[in-house]
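S.K.: For reference, the file model-v7.pdb (PDB, C-alpha atoms (C1' of nucleotides)) is included below:
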ATOM      1  CA  MET A   1       0.000   0.000   0.000  1.00  0.00           C
ATOM      2  CA  GLY A   2       1.100   3.565  -0.533  1.00  0.00           C
ATOM      3  CA  ASN A   3       2.615   2.757  -3.916  1.00  0.00           C
ATOM      4  CA  GLY A   4      -0.700   3.213  -5.699  1.00  0.00           C
ATOM      5  CA  PRO A   5       0.186   6.150  -7.934  1.00  0.00           C
ATOM      6  CA  GLU A   6       3.345   4.503  -9.228  1.00  0.00           C
ATOM      7  CA  LEU A   7       1.649   1.225 -10.081  1.00  0.00           C
ATOM      8  CA  LYS A   8      -1.261   3.095 -11.556  1.00  0.00           C
ATOM      9  CA  GLY A   9       1.063   4.869 -13.948  1.00  0.00           C
ATOM     10  CA  LYS A  10       2.735   1.585 -14.809  1.00  0.00           C
ATOM     11  CA  ILE A  11      -0.400  -0.326 -15.659  1.00  0.00           C
ATOM     12  CA  ASN A  12      -1.754   2.482 -17.794  1.00  0.00           C
ATOM     13  CA  LYS A  13       1.602   2.753 -19.529  1.00  0.00           C
ATOM     14  CA  ILE A  14       1.535  -0.931 -20.363  1.00  0.00           C
ATOM     15  CA  TYR A  15      -1.921  -0.515 -21.828  1.00  0.00           C
ATOM     16  CA  SER A  16      -1.006   2.444 -23.985  1.00  0.00           C
ATOM     17  CA  LEU A  17       2.189   0.871 -25.306  1.00  0.00           C
ATOM     18  CA  LEU A  18       0.402  -2.334 -26.236  1.00  0.00           C
ATOM     19  CA  ASN A  19      -2.538  -0.435 -27.646  1.00  0.00           C
ATOM     20  CA  ASP A  20      -0.296   1.703 -29.836  1.00  0.00           C
ATOM     21  CA  HIS A  21       1.485  -1.402 -31.070  1.00  0.00           C
ATOM     22  CA  PHE A  22      -1.465  -3.663 -31.807  1.00  0.00           C
ATOM     23  CA  GLY A  23      -4.272  -1.218 -32.428  1.00  0.00           C
ATOM     24  CA  ASP A  24      -7.919  -2.107 -31.929  1.00  0.00           C
ATOM     25  CA  LEU A  25      -8.154  -5.887 -31.660  1.00  0.00           C
ATOM     26  CA  LYS A  26     -11.955  -6.082 -31.779  1.00  0.00           C
ATOM     27  CA  TRP A  27     -12.421  -9.007 -29.445  1.00  0.00           C
ATOM     28  CA  TRP A  28     -14.038 -11.522 -28.919  1.00  0.00           C
ATOM     29  CA  PRO A  29     -13.740 -13.223 -32.351  1.00  0.00           C
ATOM     30  CA  ALA A  30     -17.236 -14.695 -32.786  1.00  0.00           C
ATOM     31  CA  GLU A  31     -20.405 -14.240 -34.807  1.00  0.00           C
ATOM     32  CA  SER A  32     -22.775 -14.120 -31.859  1.00  0.00           C
ATOM     33  CA  ASP A  33     -22.895 -13.584 -28.115  1.00  0.00           C
ATOM     34  CA  PHE A  34     -23.782 -17.228 -27.621  1.00  0.00           C
ATOM     35  CA  GLU A  35     -20.741 -18.266 -29.615  1.00  0.00           C
ATOM     36  CA  VAL A  36     -18.622 -16.157 -27.253  1.00  0.00           C
ATOM     37  CA  MET A  37     -20.022 -18.057 -24.289  1.00  0.00           C
ATOM     38  CA  ILE A  38     -19.374 -21.432 -25.885  1.00  0.00           C
ATOM     39  CA  GLY A  39     -15.855 -20.367 -26.788  1.00  0.00           C
ATOM     40  CA  ALA A  40     -15.224 -19.221 -23.209  1.00  0.00           C
ATOM     41  CA  ILE A  41     -15.986 -22.727 -21.958  1.00  0.00           C
ATOM     42  CA  LEU A  42     -14.102 -24.538 -24.690  1.00  0.00           C
ATOM     43  CA  THR A  43     -10.935 -22.502 -24.290  1.00  0.00           C
ATOM     44  CA  GLN A  44     -10.474 -23.469 -20.637  1.00  0.00           C
ATOM     45  CA  ASN A  45      -6.853 -24.585 -20.354  1.00  0.00           C
ATOM     46  CA  THR A  46      -6.874 -25.148 -24.107  1.00  0.00           C
ATOM     47  CA  SER A  47      -5.319 -23.419 -27.105  1.00  0.00           C
ATOM     48  CA  TRP A  48      -7.687 -21.267 -29.147  1.00  0.00           C
ATOM     49  CA  LYS A  49      -6.685 -23.127 -32.314  1.00  0.00           C
ATOM     50  CA  ASN A  50      -8.262 -26.317 -31.030  1.00  0.00           C
ATOM     51  CA  VAL A  51     -11.340 -24.406 -29.930  1.00  0.00           C
ATOM     52  CA  GLU A  52     -11.877 -22.886 -33.374  1.00  0.00           C
ATOM     53  CA  LYS A  53     -12.032 -26.339 -34.910  1.00  0.00           C
ATOM     54  CA  ALA A  54     -14.655 -27.441 -32.408  1.00  0.00           C
ATOM     55  CA  ILE A  55     -16.775 -24.339 -32.994  1.00  0.00           C
ATOM     56  CA  ASP A  56     -16.528 -24.867 -36.755  1.00  0.00           C
ATOM     57  CA  VAL A  57     -17.927 -28.368 -36.318  1.00  0.00           C
ATOM     58  CA  LEU A  58     -20.816 -27.061 -34.205  1.00  0.00           C
ATOM     59  CA  LYS A  59     -21.595 -24.528 -36.927  1.00  0.00           C
ATOM     60  CA  ARG A  60     -21.356 -27.106 -39.693  1.00  0.00           C
ATOM     61  CA  LYS A  61     -23.750 -29.351 -37.800  1.00  0.00           C
ATOM     62  CA  LYS A  62     -26.093 -26.394 -37.232  1.00  0.00           C
ATOM     63  CA  ALA A  63     -25.862 -27.038 -33.512  1.00  0.00           C
ATOM     64  CA  LEU A  64     -24.714 -23.638 -32.256  1.00  0.00           C
ATOM     65  CA  SER A  65     -27.730 -22.501 -30.233  1.00  0.00           C
ATOM     66  CA  PRO A  66     -28.767 -22.872 -26.584  1.00  0.00           C
ATOM     67  CA  SER A  67     -31.756 -25.089 -27.359  1.00  0.00           C
ATOM     68  CA  LYS A  68     -29.845 -27.363 -29.744  1.00  0.00           C
ATOM     69  CA  ILE A  69     -27.033 -27.913 -27.289  1.00  0.00           C
ATOM     70  CA  ALA A  70     -29.356 -28.300 -24.324  1.00  0.00           C
ATOM     71  CA  ASN A  71     -31.278 -31.030 -26.121  1.00  0.00           C
ATOM     72  CA  MET A  72     -28.489 -32.771 -27.983  1.00  0.00           C
ATOM     73  CA  ASP A  73     -27.255 -36.218 -27.046  1.00  0.00           C
ATOM     74  CA  LYS A  74     -24.257 -35.746 -24.791  1.00  0.00           C
ATOM     75  CA  GLY A  75     -22.078 -38.301 -26.534  1.00  0.00           C
ATOM     76  CA  ARG A  76     -22.691 -36.696 -29.884  1.00  0.00           C
ATOM     77  CA  LEU A  77     -21.937 -33.229 -28.529  1.00  0.00           C
ATOM     78  CA  ALA A  78     -18.689 -34.565 -27.057  1.00  0.00           C
ATOM     79  CA  ARG A  79     -17.674 -35.949 -30.462  1.00  0.00           C
ATOM     80  CA  TYR A  80     -18.333 -32.621 -32.147  1.00  0.00           C
ATOM     81  CA  ILE A  81     -16.069 -30.736 -29.742  1.00  0.00           C
ATOM     82  CA  ARG A  82     -13.407 -33.423 -29.467  1.00  0.00           C
ATOM     83  CA  SER A  83     -10.622 -31.194 -30.785  1.00  0.00           C
ATOM     84  CA  SER A  84     -10.944 -28.818 -27.837  1.00  0.00           C
ATOM     85  CA  GLY A  85      -9.795 -31.425 -25.335  1.00  0.00           C
ATOM     86  CA  TYR A  86     -11.590 -32.536 -22.142  1.00  0.00           C
ATOM     87  CA  HIS A  87     -14.475 -33.084 -24.533  1.00  0.00           C
ATOM     88  CA  ARG A  88     -16.672 -35.223 -22.288  1.00  0.00           C
ATOM     89  CA  LEU A  89     -16.270 -32.763 -19.440  1.00  0.00           C
ATOM     90  CA  LYS A  90     -16.875 -29.773 -21.700  1.00  0.00           C
ATOM     91  CA  ALA A  91     -19.948 -31.362 -23.259  1.00  0.00           C
ATOM     92  CA  ASP A  92     -21.483 -31.314 -19.778  1.00  0.00           C
ATOM     93  CA  ARG A  93     -20.428 -27.732 -19.254  1.00  0.00           C
ATOM     94  CA  LEU A  94     -21.870 -26.587 -22.597  1.00  0.00           C
ATOM     95  CA  LYS A  95     -25.157 -28.175 -21.665  1.00  0.00           C
ATOM     96  CA  GLU A  96     -25.083 -26.515 -18.236  1.00  0.00           C
ATOM     97  CA  ILE A  97     -24.565 -23.022 -19.662  1.00  0.00           C
ATOM     98  CA  SER A  98     -27.169 -23.641 -22.377  1.00  0.00           C
ATOM     99  CA  LEU A  99     -29.713 -24.725 -19.792  1.00  0.00           C
ATOM    100  CA  PHE A 100     -28.839 -21.661 -17.732  1.00  0.00           C
ATOM    101  CA  ILE A 101     -29.484 -19.348 -20.681  1.00  0.00           C
ATOM    102  CA  THR A 102     -32.768 -21.048 -21.474  1.00  0.00           C
ATOM    103  CA  ARG A 103     -33.848 -20.839 -17.855  1.00  0.00           C
ATOM    104  CA  GLU A 104     -32.798 -17.221 -17.319  1.00  0.00           C
ATOM    105  CA  CYS A 105     -33.948 -15.547 -20.510  1.00  0.00           C
ATOM    106  CA  GLY A 106     -35.451 -18.122 -22.824  1.00  0.00           C
ATOM    107  CA  GLY A 107     -32.420 -17.923 -25.074  1.00  0.00           C
ATOM    108  CA  LYS A 108     -32.634 -14.142 -25.524  1.00  0.00           C
ATOM    109  CA  LEU A 109     -29.272 -12.847 -24.347  1.00  0.00           C
ATOM    110  CA  ASP A 110     -30.297  -9.230 -24.884  1.00  0.00           C
ATOM    111  CA  LYS A 111     -32.694  -9.713 -22.021  1.00  0.00           C
ATOM    112  CA  LEU A 112     -29.920 -11.035 -19.795  1.00  0.00           C
ATOM    113  CA  LYS A 113     -27.807  -7.974 -20.597  1.00  0.00           C
ATOM    114  CA  LYS A 114     -30.274  -5.747 -18.808  1.00  0.00           C
ATOM    115  CA  GLU A 115     -29.376  -7.282 -15.444  1.00  0.00           C
ATOM    116  CA  GLY A 116     -26.751  -5.793 -13.164  1.00  0.00           C
ATOM    117  CA  LEU A 117     -23.110  -6.845 -13.225  1.00  0.00           C
ATOM    118  CA  GLU A 118     -22.787  -8.230  -9.699  1.00  0.00           C
ATOM    119  CA  ASN A 119     -26.060 -10.110  -9.905  1.00  0.00           C
ATOM    120  CA  LEU A 120     -25.106 -11.665 -13.231  1.00  0.00           C
ATOM    121  CA  ARG A 121     -21.638 -12.610 -12.055  1.00  0.00           C
ATOM    122  CA  GLU A 122     -22.997 -14.470  -9.065  1.00  0.00           C
ATOM    123  CA  LYS A 123     -25.476 -16.353 -11.218  1.00  0.00           C
ATOM    124  CA  LEU A 124     -22.834 -17.328 -13.745  1.00  0.00           C
ATOM    125  CA  LEU A 125     -20.542 -18.606 -11.002  1.00  0.00           C
ATOM    126  CA  GLU A 126     -23.304 -20.910  -9.829  1.00  0.00           C
ATOM    127  CA  VAL A 127     -23.274 -22.692 -13.191  1.00  0.00           C
ATOM    128  CA  LYS A 128     -21.151 -25.834 -12.956  1.00  0.00           C
ATOM    129  CA  GLY A 129     -18.118 -25.427 -15.155  1.00  0.00           C
ATOM    130  CA  VAL A 130     -18.081 -21.638 -14.979  1.00  0.00           C
ATOM    131  CA  GLY A 131     -15.324 -20.236 -12.765  1.00  0.00           C
ATOM    132  CA  PRO A 132     -14.133 -16.644 -12.350  1.00  0.00           C
ATOM    133  CA  GLU A 133     -12.285 -16.310 -15.642  1.00  0.00           C
ATOM    134  CA  THR A 134     -15.016 -17.874 -17.733  1.00  0.00           C
ATOM    135  CA  ALA A 135     -17.680 -15.792 -15.968  1.00  0.00           C
ATOM    136  CA  ASP A 136     -15.761 -12.556 -16.511  1.00  0.00           C
ATOM    137  CA  SER A 137     -15.033 -13.393 -20.147  1.00  0.00           C
ATOM    138  CA  ILE A 138     -18.743 -13.905 -20.706  1.00  0.00           C
ATOM    139  CA  LEU A 139     -19.591 -10.709 -18.823  1.00  0.00           C
ATOM    140  CA  VAL A 140     -17.324  -8.443 -20.829  1.00  0.00           C
ATOM    141  CA  TYR A 141     -17.267 -10.124 -24.243  1.00  0.00           C
ATOM    142  CA  ALA A 142     -20.838 -11.417 -24.495  1.00  0.00           C
ATOM    143  CA  LEU A 143     -22.883  -9.301 -22.096  1.00  0.00           C
ATOM    144  CA  GLY A 144     -21.080  -5.972 -22.323  1.00  0.00           C
ATOM    145  CA  LYS A 145     -20.263  -5.505 -18.649  1.00  0.00           C
ATOM    146  CA  PRO A 146     -17.186  -3.564 -17.426  1.00  0.00           C
ATOM    147  CA  VAL A 147     -15.006  -6.242 -15.820  1.00  0.00           C
ATOM    148  CA  PHE A 148     -11.370  -7.164 -16.282  1.00  0.00           C
ATOM    149  CA  VAL A 149     -10.596 -10.772 -17.196  1.00  0.00           C
ATOM    150  CA  VAL A 150      -7.633 -12.312 -15.385  1.00  0.00           C
ATOM    151  CA  ASP A 151      -5.934 -15.251 -17.055  1.00  0.00           C
ATOM    152  CA  ALA A 152      -2.616 -17.089 -16.989  1.00  0.00           C
ATOM    153  CA  TYR A 153      -1.079 -14.527 -19.367  1.00  0.00           C
ATOM    154  CA  THR A 154      -2.198 -11.635 -17.193  1.00  0.00           C
ATOM    155  CA  ARG A 155      -0.615 -13.254 -14.147  1.00  0.00           C
ATOM    156  CA  ARG A 156       2.703 -13.808 -15.882  1.00  0.00           C
ATOM    157  CA  ILE A 157       2.882 -10.362 -17.404  1.00  0.00           C
ATOM    158  CA  PHE A 158       1.758  -8.447 -14.328  1.00  0.00           C
ATOM    159  CA  SER A 159       3.969 -10.325 -11.899  1.00  0.00           C
ATOM    160  CA  ARG A 160       6.904 -10.114 -14.291  1.00  0.00           C
ATOM    161  CA  HIS A 161       6.484  -6.369 -14.302  1.00  0.00           C
ATOM    162  CA  GLY A 162       6.149  -6.142 -10.549  1.00  0.00           C
ATOM    163  CA  LEU A 163       2.517  -5.093 -10.458  1.00  0.00           C
ATOM    164  CA  ILE A 164       1.435  -8.063  -8.355  1.00  0.00           C
ATOM    165  CA  GLY A 165       2.952 -10.958  -6.473  1.00  0.00           C
ATOM    166  CA  HIS A 166       3.371 -14.162  -8.482  1.00  0.00           C
ATOM    167  CA  ASP A 167       0.909 -15.910  -6.178  1.00  0.00           C
ATOM    168  CA  ALA A 168      -1.774 -13.209  -6.146  1.00  0.00           C
ATOM    169  CA  ALA A 169      -5.349 -14.489  -6.117  1.00  0.00           C
ATOM    170  CA  TYR A 170      -7.764 -13.931  -8.977  1.00  0.00           C
ATOM    171  CA  ASP A 171      -9.914 -11.380  -7.179  1.00  0.00           C
ATOM    172  CA  GLU A 172      -6.854  -9.498  -5.948  1.00  0.00           C
ATOM    173  CA  ILE A 173      -5.575  -9.026  -9.468  1.00  0.00           C
ATOM    174  CA  GLN A 174      -8.969  -8.016 -10.744  1.00  0.00           C
ATOM    175  CA  SER A 175      -9.479  -5.497  -7.942  1.00  0.00           C
ATOM    176  CA  PHE A 176      -6.058  -4.056  -8.634  1.00  0.00           C
ATOM    177  CA  VAL A 177      -7.017  -3.378 -12.239  1.00  0.00           C
ATOM    178  CA  HIS A 178     -10.450  -2.057 -11.357  1.00  0.00           C
ATOM    179  CA  LYS A 179      -8.868   0.414  -8.958  1.00  0.00           C
ATOM    180  CA  ASN A 180      -6.037   1.567 -11.181  1.00  0.00           C
ATOM    181  CA  PHE A 181      -7.432   1.406 -14.703  1.00  0.00           C
ATOM    182  CA  PRO A 182     -10.502   3.063 -16.286  1.00  0.00           C
ATOM    183  CA  ARG A 183     -13.691   1.119 -15.583  1.00  0.00           C
ATOM    184  CA  SER A 184     -14.666   1.257 -19.237  1.00  0.00           C
ATOM    185  CA  ILE A 185     -16.163  -1.641 -21.167  1.00  0.00           C
ATOM    186  CA  ARG A 186     -14.268  -0.745 -24.288  1.00  0.00           C
ATOM    187  CA  LYS A 187     -10.905  -0.426 -22.543  1.00  0.00           C
ATOM    188  CA  LEU A 188     -11.306  -3.502 -20.342  1.00  0.00           C
ATOM    189  CA  ASN A 189     -12.267  -5.492 -23.410  1.00  0.00           C
ATOM    190  CA  GLN A 190      -9.237  -4.216 -25.274  1.00  0.00           C
ATOM    191  CA  PHE A 191      -6.809  -4.577 -22.348  1.00  0.00           C
ATOM    192  CA  HIS A 192      -7.332  -8.298 -21.883  1.00  0.00           C
ATOM    193  CA  ALA A 193      -7.188  -8.834 -25.633  1.00  0.00           C
ATOM    194  CA  LEU A 194      -3.892  -6.920 -25.785  1.00  0.00           C
ATOM    195  CA  LEU A 195      -2.329  -8.996 -23.016  1.00  0.00           C
ATOM    196  CA  VAL A 196      -3.257 -12.245 -24.744  1.00  0.00           C
ATOM    197  CA  GLU A 197      -2.042 -10.961 -28.073  1.00  0.00           C
ATOM    198  CA  ALA A 198       1.239  -9.804 -26.550  1.00  0.00           C
ATOM    199  CA  ALA A 199       1.802 -13.130 -24.843  1.00  0.00           C
ATOM    200  CA  LYS A 200       1.073 -15.070 -28.016  1.00  0.00           C
ATOM    201  CA  ASN A 201       3.153 -12.970 -30.356  1.00  0.00           C
ATOM    202  CA  PHE A 202       6.194 -11.830 -28.516  1.00  0.00           C
ATOM    203  CA  CYS A 203       7.895 -14.743 -26.956  1.00  0.00           C
ATOM    204  CA  LYS A 204       8.268 -18.328 -27.967  1.00  0.00           C
ATOM    205  CA  LYS A 205       9.786 -19.060 -24.594  1.00  0.00           C
ATOM    206  CA  LYS A 206       6.491 -18.632 -22.817  1.00  0.00           C
ATOM    207  CA  ASP A 207       7.894 -15.595 -21.123  1.00  0.00           C
ATOM    208  CA  PRO A 208       5.881 -12.693 -22.462  1.00  0.00           C
ATOM    209  CA  LEU A 209       7.254  -9.219 -22.121  1.00  0.00           C
ATOM    210  CA  CYS A 210      10.606 -10.494 -20.921  1.00  0.00           C
ATOM    211  CA  ARG A 211      13.588  -8.251 -21.546  1.00  0.00           C
ATOM    212  CA  GLU A 212      14.791 -10.252 -24.521  1.00  0.00           C
ATOM    213  CA  CYS A 213      11.486  -9.817 -26.296  1.00  0.00           C
ATOM    214  CA  PRO A 214      11.096  -7.172 -28.967  1.00  0.00           C
ATOM    215  CA  LEU A 215       8.213  -5.508 -27.241  1.00  0.00           C
ATOM    216  CA  GLY A 216       8.477  -1.952 -28.387  1.00  0.00           C
ATOM    217  CA  GLY A 217       9.127  -0.102 -25.166  1.00  0.00           C
ATOM    218  CA  LEU A 218       8.268  -2.624 -22.495  1.00  0.00           C
ATOM    219  CA  ARG A 219      11.836  -3.442 -21.634  1.00  0.00           C
ATOM    220  CA  ARG A 220      14.225  -3.142 -18.748  1.00  0.00           C
ATOM    221  CA  ARG A 221      15.667   0.162 -19.859  1.00  0.00           C
ATOM    222  CA  ASP A 222      12.193   1.577 -19.680  1.00  0.00           C
ATOM    223  CA  GLY A 223      11.805   0.470 -16.113  1.00  0.00           C
ATOM    224  CA  PHE A 224       9.341  -2.276 -16.807  1.00  0.00           C
ATOM    225  CA  ILE A 225      11.076  -5.241 -15.261  1.00  0.00           C
TER     226      ILE A 225
ATOM    227  C1'  DC B   1      10.302 -37.747 -25.572  1.00  0.00           C
ATOM    228  C1'  DA B   2       8.416 -33.708 -22.529  1.00  0.00           C
ATOM    229  C1'  DC B   3       5.749 -29.729 -22.168  1.00  0.00           C
ATOM    230  C1'  DC B   4       2.143 -26.412 -22.958  1.00  0.00           C
ATOM    231  C1'  DA B   5      -2.573 -24.326 -24.047  1.00  0.00           C
ATOM    232  C1'  DG B   6      -7.071 -17.676 -23.019  1.00  0.00           C
ATOM    233  C1'  DG B   7      -9.567 -23.444 -16.017  1.00  0.00           C
ATOM    234  C1'  DC B   8     -12.578 -25.791 -13.075  1.00  0.00           C
ATOM    235  C1'  DA B   9     -14.435 -28.952  -9.617  1.00  0.00           C
ATOM    236  C1'  DA B  10     -13.888 -32.469  -6.398  1.00  0.00           C
ATOM    237  C1'  DG B  11     -11.205 -34.676  -3.096  1.00  0.00           C
ATOM    238  C1'  DT B  12      -7.940 -34.578   0.839  1.00  0.00           C
ATOM    239  C1'  DA B  13      -5.566 -32.926   5.132  1.00  0.00           C
TER     240       DA B  13
ATOM    241  C1'  DT C   1      -8.389 -22.745   4.131  1.00  0.00           C
ATOM    242  C1'  DA C   2      -4.744 -24.553   1.122  1.00  0.00           C
ATOM    243  C1'  DC C   3      -2.988 -28.026  -1.756  1.00  0.00           C
ATOM    244  C1'  DT C   4      -3.564 -31.940  -5.135  1.00  0.00           C
ATOM    245  C1'  DT C   5      -5.565 -34.416  -8.964  1.00  0.00           C
ATOM    246  C1'  DG C   6      -8.388 -35.590 -13.150  1.00  0.00           C
ATOM    247  C1'  DC C   7      -9.895 -34.005 -17.314  1.00  0.00           C
ATOM    248  C1'  DA C   8      -7.640 -34.828 -23.113  1.00  0.00           C
ATOM    249  C1'  DT C   9      -6.602 -33.154 -27.731  1.00  0.00           C
ATOM    250  C1'  DG C  10      -3.196 -31.096 -30.847  1.00  0.00           C
ATOM    251  C1'  DG C  11       1.027 -28.499 -31.598  1.00  0.00           C
ATOM    252  C1'  DT C  12       6.137 -27.565 -30.729  1.00  0.00           C
TER     253       DT C  12
END
Now that the file is in, can you turn its structure into structure tokens?
M.R.:
Amino acid sequence: MGNGPELKGKINKIYSLLNDHFGDLKWWPAESDFEVMIGAILTQNTSWKNVEKAIDVLKRKKALSPSKIANMDKGRLARYIRSSGYHRLKADRLKEISLFITRECGGKLDKLKKEGLENLREKLLEVKGVGPETADSILVYALGKPVFVVDAYTRRIFSRHGLIGHDAAYDEIQSFVHKNFPRSIRKLNQFHALLVEAAKNFCKKKDPLCRECPLGGLRRRDGFI
DNA sequence: CACCAGGCAAGTA
DNA sequence: TACTTGCATGGT
């Protein structure tokens, strides 16, 4: 405590450097809000490449809707999403979230969007298979709520740059961002997207933003490590 | 061959 | 509360 202003400057600096470098990333890549939610489940501990294949199959089979997934045979659903890994487990989770959507708003996500952030977050966390990261991804990228999504990349990058401890809890990291970064849907959307993009593009050694990486500006000489 | 990828829930001490 | 383990395919 007491180092707020310094860290605040640092986190906003990271955002602006990444934003200048990558530009507007326009996340989440999907054709519908429901597709965002499905993708959020499928990408749990899984590369996005494998998730894209699974979503393509669901589209090809005309199965990408809450009612279709809720009613589909579980074994068949699991086969469709096989490429995303943990497919039997994720088939259950896709059905859970589809049933939730049906129950809460009859499949009309625009109706769900009218509810408050905290209320929605609690409800999402009650769905089996939806943890904090998945819930927050859905909130910001599907339902348009101003929350910051914390993921493995965020942890690595923030702790590497001394913003948080390497063992900081999810809610701690999220609160830190909410307190020191604009609570804007647009910017929170973009910030998480930038961190993922940076981690994916800048270091093959799984060490994003490290001093050897060509990250325009975010290097030791700039006081970032 | 080992290791990782846009986590989560259930079990154990 | 704080660890540990199972879940699984596809790429490097």
S.K.: Between CA of Phe22 in chain A and CA of Leu194 in chain A, measure the distance and give it in Å to one decimal.
M.R.: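 Rounded to one decimal, the two atoms are 7.3 Å apart.
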S.K.: Rank nothing, just name the residue among A:Gly75, A:Pro66, A:Gln44, A:Asp20 nearest to chain C, using only C-alpha atoms (C1' of nucleotides).
M.R.: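 Checking each candidate against chain C, we get A:Gln44 as the closest.
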S.K.: Counting only C-alpha atoms (C1' of nucleotides), a student should be able to say which residues of chain A come within 7 Å of chain B; what is the right answer, written as a PDB file with C-alpha atoms, in the coordinates of the input?
M.R.:
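Writing the result to iface_2.pdb gives the following:
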ATOM      1  CA  THR A  43     -10.935 -22.502 -24.290  1.00  0.00           C
ATOM      2  CA  GLN A  44     -10.474 -23.469 -20.637  1.00  0.00           C
ATOM      3  CA  ASN A  45      -6.853 -24.585 -20.354  1.00  0.00           C
ATOM      4  CA  THR A  46      -6.874 -25.148 -24.107  1.00  0.00           C
ATOM      5  CA  SER A  47      -5.319 -23.419 -27.105  1.00  0.00           C
ATOM      6  CA  GLY A 129     -18.118 -25.427 -15.155  1.00  0.00           C
ATOM      7  CA  GLY A 131     -15.324 -20.236 -12.765  1.00  0.00           C
ATOM      8  CA  ASP A 151      -5.934 -15.251 -17.055  1.00  0.00           C
ATOM      9  CA  VAL A 196      -3.257 -12.245 -24.744  1.00  0.00           C
TER      10      VAL A 196
END
S.K.: Near chain C, which residues of chain A fall within 9 Å when you count all atoms listed in the file, and what do they look like as number ranges by chain?
M.R.: A: 46-47, 49-50, 82-89
S.K.: Set the distance at 9 Å and use all atoms listed in the file: which residues neighbour Phe176 in chain A once local chain neighbours fewer than 5 positions away are removed? I'd like the list as a ChimeraX atom specification.
M.R.: /A:163-164,171,181
S.K.: Centre and edge lengths of an axis-aligned box around all listed atoms of range 102-113 of chain A, with 3 Å added on each side, are to be given in Å to one decimal, as lines of an AutoDock Vina configuration file.
M.R.:
center_x = -31.6
center_y = -14.5
center_z = -21.4
size_x = 13.6
size_y = 19.1
size_z = 14.2
S.K.: To one decimal place in Å, what is the distance between CA of Ala78 in chain A and CA of Ser65 in chain A?
M.R.: 15.4 Å
S.K.: So the first atom is CA of Ile38 in chain A and the second is CA of Ala91 in chain A; what is the distance between them in Å, to one decimal place?
M.R.: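 One can read the CA of Ile38 in chain A to CA of Ala91 in chain A distance as 10.3 Å.
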S.K.: Find the residue from A:Ile81, A:Cys105, A:Leu125, A:Val130 that sits nearest to Ile41 in chain A; use only C-alpha atoms when measuring.
M.R.: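 Closest residue, counting only C-alpha atoms: A:Val130.
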S.K.: Name every residue that the PyMOL selection byres ((chain A and resi 136) around 8) selects in this structure, writing the answer as a ChimeraX atom specification with chains first and numbers rising.
M.R.: /A:121,132-135,137-140,147-149
S.K.: Quick check on the file I pasted: which residues fall under the PyMOL selection byres ((chain A and resi 29-32) around 12)? Write them as a ChimeraX atom specification.
M.R.: /A:25-28,33-40,48,51-52,55-56,59,64-66,108-110,138,141-143,189,193
